[in-house]
2 protein chains.
Amino acid sequence: MKELIDRILHEGKHLGNGILKVDGFINHQVDPTLMDACGKEFAYRFKDIGATKVLTAEISGIAPAVTTALHMGLPVVYARKHKPITMPDQVFLTLTPSHTKGRIVELIVSPEYLAGGERVLIIDDFLATGATILGLVRLAQTAGAKIVGIGALIEKTFEGGRDVLTPLGVPIESLARIVAMDGEQIRFNHD
Amino acid sequence: MKELIDRILHEGKHLGNGILKVDGFINHQVDPTLMDACGKEFAYRFKDIGATKVLTAEISGIAPAVTTALHMGLPVVYARKHKPITMPDQVFLTLTPSHTKGRIVELIVSPEYLAGGERVLIIDDFLATGATILGLVRLAQTAGAKIVGIGALIEKTFEGGRDVLTPLGVPIESLARIVAMDGEQIRFNHD
């Protein structure tokens with residue numbers, strides 16, 4: 001998506017080790033107009049998959065997941081990383097390595113909001129190694145729900161996440177595909 | 001706001017000790033259509049304050065802050081509770097007690113996205129004791145920014161947060177004001 005790619009080119013910063021800083025419009029400060037445009041684009045690309053719910057992971061997935069869900073008229077559930085006191089004792093929980101945190105984090109969803117028979121569209125900010133998205137897939141499958149699509153704002157193709165998720169046999173869409181980051185240069189696949 | 005009050009009456013649950021569970025439409029599962037309506041209402045109520053930025057705290061403030069910012073055409077910054085590796089070494093940081101977590105949490109904002117001269121509208125999910133919002137106020141003031149308004153989806157008037165914030169002399173708006181929770185009964189001030 002041209003607007004997102006242009007924004008990454010102008011404001012994104014490669015910090016080394018494959019870490020892309022987009023804190024000015026996605027990960028700390030959020031541009032809601034851009035997020036709304038991204039949500040609209042995801043809603044268009046996934047209009048035919050019959051999704052009944054959008055699933056994401058706190059924290060940075062929330063903004064794009066909410067705008068996508070708004071354009072699709074669906075509820076969105078964000079997996080928590082810490083169990084709040086409002087959650088029941090029995091939960092769906094999985095562990096996943098966090099690339100940016102350098103440690104294992106929990107992803108927790110309450111059975112109240114993810115049920116068997118749901119058709120789940122996963123939306124997240126990044127598709128890198130695919131580890132977080134795969135954690136969300138495990139949660140949904142444990143709940144008896146079916147994954148019907150996966151969307152990420154930014155894909156780093158060189159981290160191999162798409163290969164990990166392809167066996168699921170569902171459409172995988174990313175709005176900006178980065179094929180390489182060399183020093184300050186960020187290169188995209190414009191297909 | 002009638003839609004929000006009705007939703008709390010139908011789906012909200014008093015868990016005791018003043019804890020209101022609204023995980024079905026705000027805090028874990030999010031109803032984006034309701035959040036969009038709340039954002040539109042905040043944008044209307046704060047249309048004359050000359051805000052240049054919306055500030056919230058992760059995690060549950062993000063959805064209403066993003067929809068408010070979208071309707072106001074402003075960027076939104078969410079204070080982080082853990083410093084990500086993309087953030088510079090020098091940050092604005094304050095400590096605040098978390099009612100629902102039962103411990104002290106950090107609120108962190110990068111100086112890159114909160115500058116002197118900004119006119120800040122704070123949006124959060126709850127106004128209870130006012131501690132989190134007061135933490136955001138301190139961060140903004142440390143940055144040299146000016147607070148120009150405070151909005152919360154749900155106010156628990158019996159926890160006194162409004163009294164804590166009134167000395168700031170800015171408009172404080174909440175969309176559902178709960179005056180008491182007795183057992184399963186939740187009572188509102190419909191003014």
# chains A, B, ... in the order shown; residues from 1 in each chain; ligands from 1
$ select_by_dssp --residues "region 92-136 of chain B" --states "alpha helix (DSSP H)" --output "list in words"
Ala131, Thr132, Ile133, Leu134, Gly135 and Leu136 of chain B
$ interface_residues --of "chain A" --to "chain B" --cutoff "8 Å" --atoms "only C-alpha atoms" --output "NGL selection string"
:A and (15 or 19 or 21 or 23-24 or 28-33 or 36 or 58-59 or 62-63 or 66-67 or 69-70 or 73-80 or 84-86 or 100-101 or 113)
$ write_last_selection --atoms "C-alpha atoms" --output "mmCIF file, in the first residue's frame"
data_model
loop_
_atom_site.group_PDB
_atom_site.id
_atom_site.type_symbol
_atom_site.label_atom_id
_atom_site.label_comp_id
_atom_site.auth_asym_id
_atom_site.auth_seq_id
_atom_site.Cartn_x
_atom_site.Cartn_y
_atom_site.Cartn_z
ATOM 1 C CA LEU A 15 18.128 0.368 14.039
ATOM 2 C CA ILE A 19 14.724 -3.889 13.949
ATOM 3 C CA LYS A 21 11.515 1.683 14.185
ATOM 4 C CA ASP A 23 7.315 4.620 16.539
ATOM 5 C CA GLY A 24 6.184 7.852 14.894
ATOM 6 C CA HIS A 28 4.146 4.636 20.127
ATOM 7 C CA GLN A 29 2.644 7.566 18.310
ATOM 8 C CA VAL A 30 -0.167 6.395 16.034
ATOM 9 C CA ASP A 31 -1.447 8.131 12.909
ATOM 10 C CA PRO A 32 -5.134 7.215 13.123
ATOM 11 C CA THR A 33 -5.883 8.361 9.566
ATOM 12 C CA ASP A 36 -7.941 3.762 9.211
ATOM 13 C CA GLU A 58 -1.633 -6.369 22.547
ATOM 14 C CA ILE A 59 -0.125 -3.824 22.240
ATOM 15 C CA ILE A 62 -4.650 -3.051 18.571
ATOM 16 C CA ALA A 63 -4.843 0.064 16.383
ATOM 17 C CA VAL A 66 -9.638 -2.056 15.562
ATOM 18 C CA THR A 67 -9.765 -0.090 12.300
ATOM 19 C CA ALA A 69 -12.735 -4.676 12.470
ATOM 20 C CA LEU A 70 -14.573 -1.354 12.219
ATOM 21 C CA GLY A 73 -18.327 -4.731 11.171
ATOM 22 C CA LEU A 74 -16.764 -7.388 13.419
ATOM 23 C CA PRO A 75 -15.683 -7.573 17.056
ATOM 24 C CA VAL A 76 -11.951 -7.695 17.771
ATOM 25 C CA VAL A 77 -10.217 -9.597 20.568
ATOM 26 C CA TYR A 78 -6.720 -8.693 21.674
ATOM 27 C CA ALA A 79 -4.729 -11.438 23.361
ATOM 28 C CA ARG A 80 -3.379 -10.186 26.698
ATOM 29 C CA PRO A 84 -6.046 -9.230 34.318
ATOM 30 C CA ILE A 85 -8.140 -9.810 37.428
ATOM 31 C CA THR A 86 -11.303 -9.581 35.338
ATOM 32 C CA THR A 100 11.773 -7.063 20.207
ATOM 33 C CA LYS A 101 11.629 -7.987 23.910
ATOM 34 C CA TYR A 113 -14.597 -14.330 23.659
#
$ select_by_dssp --residues "region 33-170 of chain B" --states "strand (DSSP E)" --output "ChimeraX atom specification"
/B:53-57,76-79,92-98,103-109,119-127,146-156
$ write_last_selection --atoms "N, CA and C atoms" --output "short mmCIF file (atom, residue, chain, number, x, y, z; two decimals), in the first residue's frame"
data_model
loop_
_atom_site.label_atom_id
_atom_site.label_comp_id
_atom_site.auth_asym_id
_atom_site.auth_seq_id
_atom_site.Cartn_x
_atom_site.Cartn_y
_atom_site.Cartn_z
N LYS B 53 -2.78 17.06 20.15
CA LYS B 53 -2.39 15.66 20.30
C LYS B 53 -3.28 14.97 21.32
N VAL B 54 -3.55 13.69 21.09
CA VAL B 54 -4.27 12.87 22.06
C VAL B 54 -3.24 11.99 22.77
N LEU B 55 -3.36 11.89 24.08
CA LEU B 55 -2.43 11.08 24.87
C LEU B 55 -3.24 10.06 25.67
N THR B 56 -2.78 8.81 25.67
CA THR B 56 -3.44 7.77 26.45
C THR B 56 -2.37 6.85 27.04
N ALA B 57 -2.83 5.84 27.78
CA ALA B 57 -1.92 4.85 28.34
C ALA B 57 -2.26 3.50 27.73
N VAL B 76 -2.11 10.36 17.96
CA VAL B 76 -2.30 9.89 19.33
C VAL B 76 -1.02 9.22 19.80
N VAL B 77 -0.63 9.49 21.03
CA VAL B 77 0.53 8.84 21.64
C VAL B 77 0.05 7.98 22.79
N TYR B 78 0.49 6.73 22.83
CA TYR B 78 0.16 5.92 24.01
C TYR B 78 1.41 5.71 24.84
N ALA B 79 1.30 6.11 26.11
CA ALA B 79 2.40 5.90 27.04
C ALA B 79 2.64 4.41 27.20
N PHE B 92 10.66 10.43 29.14
CA PHE B 92 9.84 10.91 30.24
C PHE B 92 9.23 9.69 30.91
N LEU B 93 9.39 9.58 32.23
CA LEU B 93 8.91 8.40 32.94
C LEU B 93 8.27 8.84 34.25
N THR B 94 7.15 8.25 34.57
CA THR B 94 6.54 8.48 35.88
C THR B 94 6.02 7.16 36.42
N LEU B 95 5.80 7.11 37.71
CA LEU B 95 5.27 5.90 38.35
C LEU B 95 3.85 6.16 38.79
N THR B 96 3.01 5.15 38.66
CA THR B 96 1.62 5.32 39.07
C THR B 96 1.07 4.00 39.60
N PRO B 97 0.27 4.06 40.66
CA PRO B 97 -0.31 2.81 41.18
C PRO B 97 -1.41 2.32 40.23
N SER B 98 -1.43 1.02 39.95
CA SER B 98 -2.49 0.45 39.13
C SER B 98 -3.49 -0.28 40.03
N ARG B 103 -0.27 -3.04 41.82
CA ARG B 103 1.15 -2.70 41.98
C ARG B 103 1.44 -1.38 41.26
N ILE B 104 2.68 -0.92 41.42
CA ILE B 104 3.11 0.31 40.76
C ILE B 104 3.52 -0.01 39.32
N VAL B 105 3.07 0.79 38.38
CA VAL B 105 3.51 0.60 36.99
C VAL B 105 4.20 1.87 36.50
N GLU B 106 5.06 1.69 35.51
CA GLU B 106 5.71 2.83 34.87
C GLU B 106 4.86 3.32 33.71
N LEU B 107 4.89 4.61 33.47
CA LEU B 107 4.33 5.19 32.25
C LEU B 107 5.47 5.95 31.58
N ILE B 108 5.73 5.61 30.33
CA ILE B 108 6.92 6.12 29.63
C ILE B 108 6.52 6.73 28.29
N VAL B 109 7.00 7.94 28.04
CA VAL B 109 6.77 8.57 26.73
C VAL B 109 8.11 9.08 26.20
N ARG B 119 -0.73 20.89 22.82
CA ARG B 119 -1.96 21.02 23.60
C ARG B 119 -2.61 19.63 23.63
N VAL B 120 -2.56 19.04 24.82
CA VAL B 120 -2.83 17.60 24.95
C VAL B 120 -4.23 17.30 25.50
N LEU B 121 -4.93 16.44 24.77
CA LEU B 121 -6.20 15.88 25.24
C LEU B 121 -5.92 14.46 25.72
N ILE B 122 -6.19 14.19 27.00
CA ILE B 122 -6.00 12.84 27.54
C ILE B 122 -7.30 12.05 27.41
N ILE B 123 -7.20 10.85 26.84
CA ILE B 123 -8.35 9.96 26.72
C ILE B 123 -7.99 8.62 27.36
N ASP B 124 -8.86 8.08 28.21
CA ASP B 124 -8.60 6.75 28.78
C ASP B 124 -9.92 5.99 28.91
N ASP B 125 -9.81 4.71 29.21
CA ASP B 125 -11.04 3.92 29.34
C ASP B 125 -11.77 4.26 30.65
N PHE B 126 -11.03 4.32 31.77
CA PHE B 126 -11.66 4.57 33.07
C PHE B 126 -11.13 5.84 33.73
N LEU B 127 -12.02 6.56 34.39
CA LEU B 127 -11.63 7.57 35.37
C LEU B 127 -12.13 7.04 36.71
N LYS B 146 0.80 21.34 27.41
CA LYS B 146 -0.30 21.86 28.20
C LYS B 146 -1.49 20.90 28.09
N ILE B 147 -2.05 20.53 29.22
CA ILE B 147 -3.26 19.70 29.20
C ILE B 147 -4.45 20.61 28.90
N VAL B 148 -5.27 20.22 27.91
CA VAL B 148 -6.42 21.06 27.56
C VAL B 148 -7.77 20.33 27.71
N GLY B 149 -7.73 19.04 28.04
CA GLY B 149 -8.98 18.31 28.25
C GLY B 149 -8.70 16.89 28.69
N ILE B 150 -9.68 16.31 29.36
CA ILE B 150 -9.57 14.93 29.84
C ILE B 150 -10.89 14.22 29.58
N GLY B 151 -10.81 13.06 28.91
CA GLY B 151 -12.01 12.29 28.63
C GLY B 151 -11.85 10.84 29.02
N ALA B 152 -12.89 10.26 29.62
CA ALA B 152 -12.87 8.83 29.97
C ALA B 152 -14.18 8.21 29.51
N LEU B 153 -14.10 6.98 29.05
CA LEU B 153 -15.33 6.29 28.67
C LEU B 153 -16.24 6.15 29.89
N ILE B 154 -15.68 5.63 30.97
CA ILE B 154 -16.46 5.29 32.15
C ILE B 154 -15.85 5.95 33.39
N GLU B 155 -16.67 6.69 34.11
CA GLU B 155 -16.22 7.31 35.36
C GLU B 155 -16.89 6.60 36.53
N LYS B 156 -16.08 6.26 37.53
CA LYS B 156 -16.65 5.75 38.78
C LYS B 156 -16.55 6.90 39.77
#
$ atom_distance --atom1 "CA of Thr142 (chain A)" --atom2 "CA of Val164 (chain A)"
18.4 Å
$ closest_residue --among "A:Ala37, A:Leu165, A:Ile5, A:Ile178" --to "Ala131 (chain A)" --atoms "only C-alpha atoms"
A:Leu165
$ atom_distance --atom1 "CA of Gly183 (chain A)" --atom2 "CA of Leu4 (chain A)"
20.4 Å
